Number of protein chains: 2
Amino acid sequence: MSGHAVQALAETFRVLGDPSRVRILDALSGGELCVCDIAALAGISESAVSHQLRLLRGMRLVRSRRAGRLVFYALDDQHIIELLRQALTHVEEQS
Amino acid sequence: MSGHAVQALAETFRVLGDPSRVRILDALSGGELCVCDIAALAGISESAVSHQLRLLRGMRLVRSRRAGRLVFYALDDQHIIELLRQALTHVEEQS
DNA sequence: CGCTTATATGAACACTTGCTCAGATATTCA
DNA sequence: TGAATATCTGAGCAAGTGTTCATATAAGCG
């Protein structure tokens, strides 16, 4: 495996390796949501959600769309959701 | 998704979210190796490898077997390798 | 037993991370 | 325009992370 591939792999997993981001992505797996609804569903402050969304947007895992005062976010990387799903079956089998 | 599942998912991804650990798991994907060979293949100091191997062993991702002065490590979780493989195709398609 | 080699371990340190808080920006509506 | 609402942003901080270094443990061998 090339050094670049190692870095990219680790970076991908690192983004998924945080409970808040997992919650956010899970919330978005049901469809587009505005920031305040993500915050409510994930149980995180709106500021913290906003910070994380910026990170996720930077990594092209989510995309945003403004509608008036609201900004809607949606998943923008089907592979990531596949990874989440596969890992979920893993942790469920494990315990 | 339950709170426990979120925690378990994030923990699983967090372990994979470090270049050294990715390199170690990649080295082991070819089969059982002793600590010094893992260190040489992954390009990490033996001490650092030992620390990471303890973590990986604690999470049941690898298992160890002593043979004289050597300790051989091997992958102990096929799901994790599947995750690595799937993520690898992801990062390759992405760029 | 002493010497050597392989691995494990603990402390210390630099660096990163995710949060909160305060304030900025953007948009709508009266 | 001014007030209200939604989101974003930067600074600061407490907690966590991965490494190195020194040392400990374990096993083989003379």
# chains A, B, ... in the order shown; residues from 1 in each chain; ligands from 1

$ select_by_dssp --residues "chain B" --states "helix (DSSP H, G or I)" --output "ChimeraX atom specification"
/B:3-16,19-28,35-42,46-58,78-94

$ write_last_selection --atoms "C-alpha atoms" --output "PDB file, in the first residue's frame"
ATOM      1  CA  GLY B   3     -25.868   5.624  21.793  1.00  0.00           C
ATOM      2  CA  HIS B   4     -23.889   2.506  22.430  1.00  0.00           C
ATOM      3  CA  ALA B   5     -23.676   1.723  18.734  1.00  0.00           C
ATOM      4  CA  VAL B   6     -22.467   5.254  18.068  1.00  0.00           C
ATOM      5  CA  GLN B   7     -19.713   4.878  20.641  1.00  0.00           C
ATOM      6  CA  ALA B   8     -18.656   1.481  19.327  1.00  0.00           C
ATOM      7  CA  LEU B   9     -18.638   2.721  15.743  1.00  0.00           C
ATOM      8  CA  ALA B  10     -16.601   5.787  16.552  1.00  0.00           C
ATOM      9  CA  GLU B  11     -14.141   3.725  18.579  1.00  0.00           C
ATOM     10  CA  THR B  12     -13.701   1.263  15.728  1.00  0.00           C
ATOM     11  CA  PHE B  13     -13.032   4.023  13.219  1.00  0.00           C
ATOM     12  CA  ARG B  14     -10.794   5.904  15.596  1.00  0.00           C
ATOM     13  CA  VAL B  15      -8.488   2.908  15.863  1.00  0.00           C
ATOM     14  CA  LEU B  16      -8.201   2.792  12.085  1.00  0.00           C
ATOM     15  CA  PRO B  19      -1.302   6.052   9.694  1.00  0.00           C
ATOM     16  CA  SER B  20       0.897   3.891  11.918  1.00  0.00           C
ATOM     17  CA  ARG B  21      -1.912   1.536  12.746  1.00  0.00           C
ATOM     18  CA  VAL B  22      -3.014   1.375   9.123  1.00  0.00           C
ATOM     19  CA  ARG B  23       0.535   0.462   8.149  1.00  0.00           C
ATOM     20  CA  ILE B  24       0.719  -2.210  10.831  1.00  0.00           C
ATOM     21  CA  LEU B  25      -2.575  -3.781   9.808  1.00  0.00           C
ATOM     22  CA  ASP B  26      -1.566  -3.603   6.167  1.00  0.00           C
ATOM     23  CA  ALA B  27       1.710  -5.361   6.942  1.00  0.00           C
ATOM     24  CA  LEU B  28      -0.174  -8.057   8.820  1.00  0.00           C
ATOM     25  CA  VAL B  35       7.323  -7.304  16.089  1.00  0.00           C
ATOM     26  CA  CYS B  36      10.674  -6.414  14.569  1.00  0.00           C
ATOM     27  CA  ASP B  37       9.494  -7.310  11.069  1.00  0.00           C
ATOM     28  CA  ILE B  38       6.334  -5.268  11.530  1.00  0.00           C
ATOM     29  CA  ALA B  39       8.479  -2.342  12.609  1.00  0.00           C
ATOM     30  CA  ALA B  40      10.757  -2.719   9.592  1.00  0.00           C
ATOM     31  CA  LEU B  41       7.885  -3.098   7.110  1.00  0.00           C
ATOM     32  CA  ALA B  42       5.858  -0.254   8.557  1.00  0.00           C
ATOM     33  CA  GLU B  46       9.899  -1.059  17.576  1.00  0.00           C
ATOM     34  CA  SER B  47       8.786   0.729  20.703  1.00  0.00           C
ATOM     35  CA  ALA B  48       6.085   2.640  18.891  1.00  0.00           C
ATOM     36  CA  VAL B  49       4.968  -0.577  17.189  1.00  0.00           C
ATOM     37  CA  SER B  50       4.781  -2.338  20.521  1.00  0.00           C
ATOM     38  CA  HIS B  51       2.622   0.405  21.969  1.00  0.00           C
ATOM     39  CA  GLN B  52       0.253   0.283  19.007  1.00  0.00           C
ATOM     40  CA  LEU B  53       0.128  -3.505  19.039  1.00  0.00           C
ATOM     41  CA  ARG B  54      -0.982  -3.431  22.644  1.00  0.00           C
ATOM     42  CA  LEU B  55      -3.823  -1.134  21.679  1.00  0.00           C
ATOM     43  CA  LEU B  56      -4.784  -3.317  18.725  1.00  0.00           C
ATOM     44  CA  ARG B  57      -4.610  -6.419  20.897  1.00  0.00           C
ATOM     45  CA  GLY B  58      -6.798  -4.769  23.515  1.00  0.00           C
ATOM     46  CA  GLN B  78     -11.662 -10.253   9.328  1.00  0.00           C
ATOM     47  CA  HIS B  79     -14.298  -7.504   9.384  1.00  0.00           C
ATOM     48  CA  ILE B  80     -11.620  -4.898   9.982  1.00  0.00           C
ATOM     49  CA  ILE B  81      -9.725  -6.009   6.905  1.00  0.00           C
ATOM     50  CA  GLU B  82     -12.922  -5.781   4.900  1.00  0.00           C
ATOM     51  CA  LEU B  83     -13.359  -2.231   6.166  1.00  0.00           C
ATOM     52  CA  LEU B  84      -9.809  -1.357   5.159  1.00  0.00           C
ATOM     53  CA  ARG B  85     -10.302  -2.841   1.723  1.00  0.00           C
ATOM     54  CA  GLN B  86     -13.585  -1.065   1.169  1.00  0.00           C
ATOM     55  CA  ALA B  87     -12.173   2.249   2.328  1.00  0.00           C
ATOM     56  CA  LEU B  88      -9.169   1.750   0.081  1.00  0.00           C
ATOM     57  CA  THR B  89     -11.339   1.458  -3.008  1.00  0.00           C
ATOM     58  CA  HIS B  90     -13.122   4.566  -1.784  1.00  0.00           C
ATOM     59  CA  VAL B  91     -10.017   6.709  -1.513  1.00  0.00           C
ATOM     60  CA  GLU B  92      -8.764   5.393  -4.827  1.00  0.00           C
ATOM     61  CA  GLU B  93     -11.979   6.296  -6.634  1.00  0.00           C
ATOM     62  CA  GLN B  94     -12.065   9.670  -4.955  1.00  0.00           C
TER      63      GLN B  94
END

$ calpha_fit_and_write --fixed "chain A" --moving "chain B" --output "short mmCIF file (atom, residue, chain, number, x, y, z; two decimals) with N, CA and C atoms, in the first residue's frame"
data_model
loop_
_atom_site.label_atom_id
_atom_site.label_comp_id
_atom_site.auth_asym_id
_atom_site.auth_seq_id
_atom_site.Cartn_x
_atom_site.Cartn_y
_atom_site.Cartn_z
N MET B 1 0.77 -1.19 -0.07
CA MET B 1 -0.07 0.02 -0.04
C MET B 1 0.82 1.26 -0.05
N SER B 2 0.54 2.22 -0.92
CA SER B 2 1.39 3.40 -1.04
C SER B 2 1.25 4.32 0.17
N GLY B 3 2.27 5.12 0.39
CA GLY B 3 2.22 6.06 1.51
C GLY B 3 1.04 7.01 1.40
N HIS B 4 0.76 7.39 0.19
CA HIS B 4 -0.38 8.30 0.00
C HIS B 4 -1.70 7.61 0.34
N ALA B 5 -1.81 6.36 -0.07
CA ALA B 5 -3.04 5.61 0.24
C ALA B 5 -3.20 5.46 1.75
N VAL B 6 -2.09 5.19 2.42
CA VAL B 6 -2.14 5.06 3.88
C VAL B 6 -2.67 6.35 4.51
N GLN B 7 -2.11 7.46 4.08
CA GLN B 7 -2.56 8.75 4.62
C GLN B 7 -4.04 8.99 4.36
N ALA B 8 -4.46 8.73 3.13
CA ALA B 8 -5.86 8.97 2.77
C ALA B 8 -6.79 8.06 3.56
N LEU B 9 -6.39 6.81 3.71
CA LEU B 9 -7.18 5.86 4.49
C LEU B 9 -7.33 6.32 5.93
N ALA B 10 -6.19 6.65 6.53
CA ALA B 10 -6.22 7.05 7.93
C ALA B 10 -7.06 8.32 8.11
N GLU B 11 -6.95 9.23 7.17
CA GLU B 11 -7.72 10.47 7.27
C GLU B 11 -9.22 10.18 7.18
N THR B 12 -9.58 9.30 6.27
CA THR B 12 -10.99 8.92 6.12
C THR B 12 -11.52 8.32 7.42
N PHE B 13 -10.77 7.39 7.99
CA PHE B 13 -11.24 6.75 9.21
C PHE B 13 -11.24 7.71 10.39
N ARG B 14 -10.27 8.60 10.40
CA ARG B 14 -10.18 9.54 11.50
C ARG B 14 -11.43 10.43 11.56
N VAL B 15 -11.91 10.82 10.40
CA VAL B 15 -13.11 11.65 10.36
C VAL B 15 -14.30 10.90 10.94
N LEU B 16 -14.36 9.61 10.69
CA LEU B 16 -15.48 8.81 11.19
C LEU B 16 -15.28 8.40 12.65
N GLY B 17 -14.09 8.66 13.18
CA GLY B 17 -13.78 8.17 14.51
C GLY B 17 -14.13 9.13 15.63
N ASP B 18 -15.25 9.78 15.52
CA ASP B 18 -15.70 10.70 16.57
C ASP B 18 -17.21 10.58 16.73
N PRO B 19 -17.69 10.38 17.95
CA PRO B 19 -19.12 10.14 18.18
C PRO B 19 -20.01 11.25 17.61
N SER B 20 -19.59 12.50 17.76
CA SER B 20 -20.42 13.59 17.25
C SER B 20 -20.59 13.49 15.74
N ARG B 21 -19.50 13.21 15.06
CA ARG B 21 -19.60 13.13 13.61
C ARG B 21 -20.40 11.92 13.18
N VAL B 22 -20.25 10.82 13.90
CA VAL B 22 -21.07 9.64 13.59
C VAL B 22 -22.54 9.98 13.75
N ARG B 23 -22.87 10.67 14.83
CA ARG B 23 -24.27 11.04 15.06
C ARG B 23 -24.79 11.95 13.96
N ILE B 24 -23.97 12.89 13.55
CA ILE B 24 -24.38 13.82 12.49
C ILE B 24 -24.64 13.06 11.19
N LEU B 25 -23.71 12.21 10.82
CA LEU B 25 -23.87 11.45 9.57
C LEU B 25 -25.07 10.52 9.66
N ASP B 26 -25.27 9.94 10.83
CA ASP B 26 -26.43 9.07 11.02
C ASP B 26 -27.73 9.86 10.87
N ALA B 27 -27.76 11.05 11.45
CA ALA B 27 -28.96 11.89 11.31
C ALA B 27 -29.22 12.20 9.84
N LEU B 28 -28.14 12.49 9.12
CA LEU B 28 -28.30 12.86 7.71
C LEU B 28 -28.62 11.66 6.83
N SER B 29 -28.42 10.47 7.35
CA SER B 29 -28.69 9.28 6.52
C SER B 29 -30.19 9.17 6.21
N GLY B 30 -31.02 9.87 6.98
CA GLY B 30 -32.44 9.87 6.70
C GLY B 30 -32.86 10.93 5.70
N GLY B 31 -31.92 11.75 5.28
CA GLY B 31 -32.23 12.80 4.31
C GLY B 31 -31.74 14.16 4.77
N GLU B 32 -31.90 15.12 3.91
CA GLU B 32 -31.46 16.49 4.13
C GLU B 32 -32.03 17.08 5.42
N LEU B 33 -31.18 17.84 6.15
CA LEU B 33 -31.63 18.47 7.39
C LEU B 33 -30.95 19.83 7.53
N CYS B 34 -31.64 20.77 8.21
CA CYS B 34 -30.99 22.04 8.51
C CYS B 34 -30.14 21.89 9.77
N VAL B 35 -29.25 22.85 10.00
CA VAL B 35 -28.28 22.77 11.09
C VAL B 35 -28.97 22.58 12.44
N CYS B 36 -30.03 23.34 12.66
CA CYS B 36 -30.65 23.27 14.00
C CYS B 36 -31.31 21.91 14.23
N ASP B 37 -31.84 21.31 13.17
CA ASP B 37 -32.42 19.97 13.32
C ASP B 37 -31.34 18.91 13.53
N ILE B 38 -30.23 19.08 12.85
CA ILE B 38 -29.10 18.16 13.07
C ILE B 38 -28.67 18.23 14.53
N ALA B 39 -28.55 19.46 15.03
CA ALA B 39 -28.12 19.65 16.41
C ALA B 39 -29.10 18.98 17.38
N ALA B 40 -30.39 19.17 17.12
CA ALA B 40 -31.41 18.60 18.00
C ALA B 40 -31.37 17.07 17.94
N LEU B 41 -31.30 16.52 16.73
CA LEU B 41 -31.29 15.06 16.58
C LEU B 41 -30.03 14.43 17.18
N ALA B 42 -28.91 15.10 16.97
CA ALA B 42 -27.65 14.52 17.42
C ALA B 42 -27.37 14.82 18.88
N GLY B 43 -28.11 15.78 19.44
CA GLY B 43 -27.88 16.13 20.83
C GLY B 43 -26.58 16.86 21.06
N ILE B 44 -26.23 17.74 20.15
CA ILE B 44 -24.99 18.52 20.22
C ILE B 44 -25.36 19.99 20.05
N SER B 45 -24.57 20.88 20.62
CA SER B 45 -24.86 22.31 20.47
C SER B 45 -24.74 22.72 19.01
N GLU B 46 -25.47 23.76 18.64
CA GLU B 46 -25.46 24.18 17.24
C GLU B 46 -24.07 24.65 16.81
N SER B 47 -23.36 25.26 17.73
CA SER B 47 -22.01 25.71 17.41
C SER B 47 -21.09 24.53 17.11
N ALA B 48 -21.17 23.54 17.97
CA ALA B 48 -20.32 22.36 17.77
C ALA B 48 -20.69 21.67 16.46
N VAL B 49 -22.00 21.60 16.17
CA VAL B 49 -22.43 21.00 14.91
C VAL B 49 -21.88 21.77 13.73
N SER B 50 -21.93 23.08 13.82
CA SER B 50 -21.45 23.91 12.73
C SER B 50 -19.96 23.68 12.47
N HIS B 51 -19.21 23.59 13.55
CA HIS B 51 -17.78 23.31 13.41
C HIS B 51 -17.55 21.97 12.71
N GLN B 52 -18.27 20.95 13.15
CA GLN B 52 -18.09 19.62 12.57
C GLN B 52 -18.56 19.59 11.12
N LEU B 53 -19.64 20.30 10.83
CA LEU B 53 -20.14 20.32 9.46
C LEU B 53 -19.13 20.97 8.51
N ARG B 54 -18.43 21.96 9.01
CA ARG B 54 -17.41 22.57 8.16
C ARG B 54 -16.33 21.56 7.82
N LEU B 55 -15.94 20.79 8.82
CA LEU B 55 -14.94 19.74 8.59
C LEU B 55 -15.45 18.73 7.57
N LEU B 56 -16.68 18.27 7.79
CA LEU B 56 -17.26 17.26 6.90
C LEU B 56 -17.42 17.81 5.48
N ARG B 57 -17.74 19.09 5.39
CA ARG B 57 -17.90 19.71 4.08
C ARG B 57 -16.54 19.81 3.40
N GLY B 58 -15.52 20.17 4.18
CA GLY B 58 -14.18 20.25 3.63
C GLY B 58 -13.70 18.93 3.07
N MET B 59 -14.18 17.86 3.68
CA MET B 59 -13.78 16.52 3.19
C MET B 59 -14.78 15.97 2.18
N ARG B 60 -15.72 16.78 1.77
CA ARG B 60 -16.69 16.39 0.74
C ARG B 60 -17.57 15.22 1.18
N LEU B 61 -17.79 15.15 2.48
CA LEU B 61 -18.68 14.08 2.94
C LEU B 61 -20.12 14.55 2.98
N VAL B 62 -20.29 15.86 3.10
CA VAL B 62 -21.64 16.44 3.05
C VAL B 62 -21.61 17.66 2.13
N ARG B 63 -22.79 18.03 1.67
CA ARG B 63 -22.91 19.26 0.87
C ARG B 63 -23.98 20.13 1.51
N SER B 64 -23.90 21.44 1.26
CA SER B 64 -24.85 22.36 1.89
C SER B 64 -25.60 23.15 0.84
N ARG B 65 -26.77 23.61 1.25
CA ARG B 65 -27.65 24.35 0.35
C ARG B 65 -28.41 25.34 1.21
N ARG B 66 -28.27 26.61 0.90
CA ARG B 66 -28.98 27.61 1.69
C ARG B 66 -30.39 27.82 1.17
N ALA B 67 -31.32 27.93 2.10
CA ALA B 67 -32.71 28.23 1.75
C ALA B 67 -33.19 29.28 2.74
N GLY B 68 -33.07 30.51 2.36
CA GLY B 68 -33.44 31.60 3.26
C GLY B 68 -32.47 31.65 4.42
N ARG B 69 -33.04 31.62 5.62
CA ARG B 69 -32.15 31.67 6.78
C ARG B 69 -31.59 30.30 7.12
N LEU B 70 -32.18 29.27 6.58
CA LEU B 70 -31.74 27.92 6.90
C LEU B 70 -30.68 27.44 5.93
N VAL B 71 -29.79 26.59 6.42
CA VAL B 71 -28.83 25.91 5.55
C VAL B 71 -29.05 24.42 5.71
N PHE B 72 -29.37 23.78 4.61
CA PHE B 72 -29.62 22.35 4.65
C PHE B 72 -28.37 21.58 4.27
N TYR B 73 -28.13 20.54 5.02
CA TYR B 73 -26.98 19.67 4.74
C TYR B 73 -27.48 18.30 4.33
N ALA B 74 -26.72 17.67 3.45
CA ALA B 74 -27.05 16.31 3.00
C ALA B 74 -25.77 15.54 2.79
N LEU B 75 -25.87 14.24 2.86
CA LEU B 75 -24.72 13.38 2.60
C LEU B 75 -24.28 13.56 1.15
N ASP B 76 -22.98 13.53 0.94
CA ASP B 76 -22.47 13.74 -0.42
C ASP B 76 -21.44 12.68 -0.79
N ASP B 77 -21.51 11.54 -0.12
CA ASP B 77 -20.52 10.49 -0.38
C ASP B 77 -21.12 9.15 0.03
N GLN B 78 -21.65 8.46 -0.94
CA GLN B 78 -22.35 7.21 -0.64
C GLN B 78 -21.40 6.16 -0.06
N HIS B 79 -20.12 6.21 -0.46
CA HIS B 79 -19.17 5.23 0.05
C HIS B 79 -19.08 5.29 1.58
N ILE B 80 -19.10 6.52 2.09
CA ILE B 80 -18.97 6.71 3.53
C ILE B 80 -20.12 6.02 4.26
N ILE B 81 -21.32 6.16 3.70
CA ILE B 81 -22.47 5.53 4.33
C ILE B 81 -22.33 4.01 4.29
N GLU B 82 -21.80 3.51 3.20
CA GLU B 82 -21.55 2.07 3.11
C GLU B 82 -20.58 1.64 4.21
N LEU B 83 -19.53 2.45 4.40
CA LEU B 83 -18.56 2.14 5.45
C LEU B 83 -19.23 2.11 6.81
N LEU B 84 -20.06 3.11 7.08
CA LEU B 84 -20.76 3.16 8.36
C LEU B 84 -21.63 1.93 8.54
N ARG B 85 -22.36 1.58 7.49
CA ARG B 85 -23.24 0.42 7.59
C ARG B 85 -22.46 -0.85 7.85
N GLN B 86 -21.37 -1.01 7.10
CA GLN B 86 -20.57 -2.22 7.26
C GLN B 86 -19.97 -2.29 8.66
N ALA B 87 -19.47 -1.17 9.14
CA ALA B 87 -18.89 -1.15 10.48
C ALA B 87 -19.96 -1.40 11.54
N LEU B 88 -21.16 -0.96 11.27
CA LEU B 88 -22.24 -1.16 12.23
C LEU B 88 -22.55 -2.65 12.39
N THR B 89 -22.62 -3.35 11.29
CA THR B 89 -22.84 -4.80 11.39
C THR B 89 -21.68 -5.46 12.13
N HIS B 90 -20.49 -4.90 11.93
CA HIS B 90 -19.32 -5.44 12.62
C HIS B 90 -19.43 -5.31 14.14
N VAL B 91 -19.76 -4.09 14.59
CA VAL B 91 -19.82 -3.89 16.04
C VAL B 91 -21.01 -4.63 16.64
N GLU B 92 -22.04 -4.84 15.84
CA GLU B 92 -23.18 -5.58 16.36
C GLU B 92 -22.88 -7.06 16.51
N GLU B 93 -22.14 -7.61 15.55
CA GLU B 93 -21.76 -9.02 15.63
C GLU B 93 -20.78 -9.26 16.77
N GLN B 94 -19.94 -8.25 16.99
CA GLN B 94 -18.85 -8.39 17.94
C GLN B 94 -19.33 -8.60 19.37
N SER B 95 -20.38 -7.85 19.74
CA SER B 95 -20.79 -7.88 21.15
C SER B 95 -21.80 -8.97 21.43
#

$ closest_atom_pairs --of "chain C" --to "chain B" --cutoff "10 Å" --atoms "only C-alpha atoms (C1' of nucleotides)" --output "tab-separated table"
residue	atom	partner	partner_atom	distance
C:DT5	C1'	B:Arg69	CA	7.6
C:DA6	C1'	B:Arg69	CA	5.4
C:DT7	C1'	B:Val71	CA	7.4
C:DA8	C1'	B:Ser50	CA	7.0
C:DT9	C1'	B:His51	CA	8.6

$ write_last_selection --atoms "C-alpha atoms (C1' of nucleotides)" --output "PDB file, in the first residue's frame"
ATOM      1  C1'  DT C   5      18.446 -10.310  21.773  1.00  0.00           C
ATOM      2  C1'  DA C   6      13.328  -9.416  21.439  1.00  0.00           C
ATOM      3  C1'  DT C   7       9.576  -7.290  23.316  1.00  0.00           C
ATOM      4  C1'  DA C   8       6.971  -4.617  26.768  1.00  0.00           C
ATOM      5  C1'  DT C   9       6.244  -0.764  29.664  1.00  0.00           C
TER       6       DT C   9
END

$ select_by_dssp --residues "chain A" --states "strand (DSSP E)" --output "list in words"
Leu33, Cys34, Val62, Arg63, Ser64, Arg65, Arg66, Ala67, Leu70, Val71, Phe72, Tyr73, Ala74 and Leu75 of chain A

$ write_last_selection --atoms "C-alpha atoms" --output "CSV table (one decimal), in the first residue's frame"
chain,number,residue,atom,x,y,z
A,33,LEU,CA,-31.7,18.5,7.4
A,34,CYS,CA,-31.0,22.0,8.5
A,62,VAL,CA,-21.6,16.4,3.0
A,63,ARG,CA,-22.9,19.2,0.9
A,64,SER,CA,-24.9,22.3,1.9
A,65,ARG,CA,-27.7,24.3,0.4
A,66,ARG,CA,-29.0,27.6,1.7
A,67,ALA,CA,-32.7,28.2,1.8
A,70,LEU,CA,-31.8,27.9,6.9
A,71,VAL,CA,-28.9,25.9,5.6
A,72,PHE,CA,-29.6,22.3,4.7
A,73,TYR,CA,-27.0,19.7,4.7
A,74,ALA,CA,-27.1,16.3,3.0
A,75,LEU,CA,-24.7,13.4,2.6

$ interface_residues --of "chain D" --to "chain B" --cutoff "10 Å" --atoms "only C-alpha atoms (C1' of nucleotides)" --output "PyMOL selection string"
chain D and resi 18-21+26-28

$ atom_distance --atom1 "atom C1' of DA14 of chain D" --atom2 "atom C1' of DA11 of chain C"
20.4 Å

$ residues_around --residues "DA4 of chain D" --least-positions-apart "3" --cutoff "12 Å" --atoms "only C-alpha atoms (C1' of nucleotides)" --output "list in words"
Arg69 of chain A; DT27, DT28, DC29 and DA30 of chain C
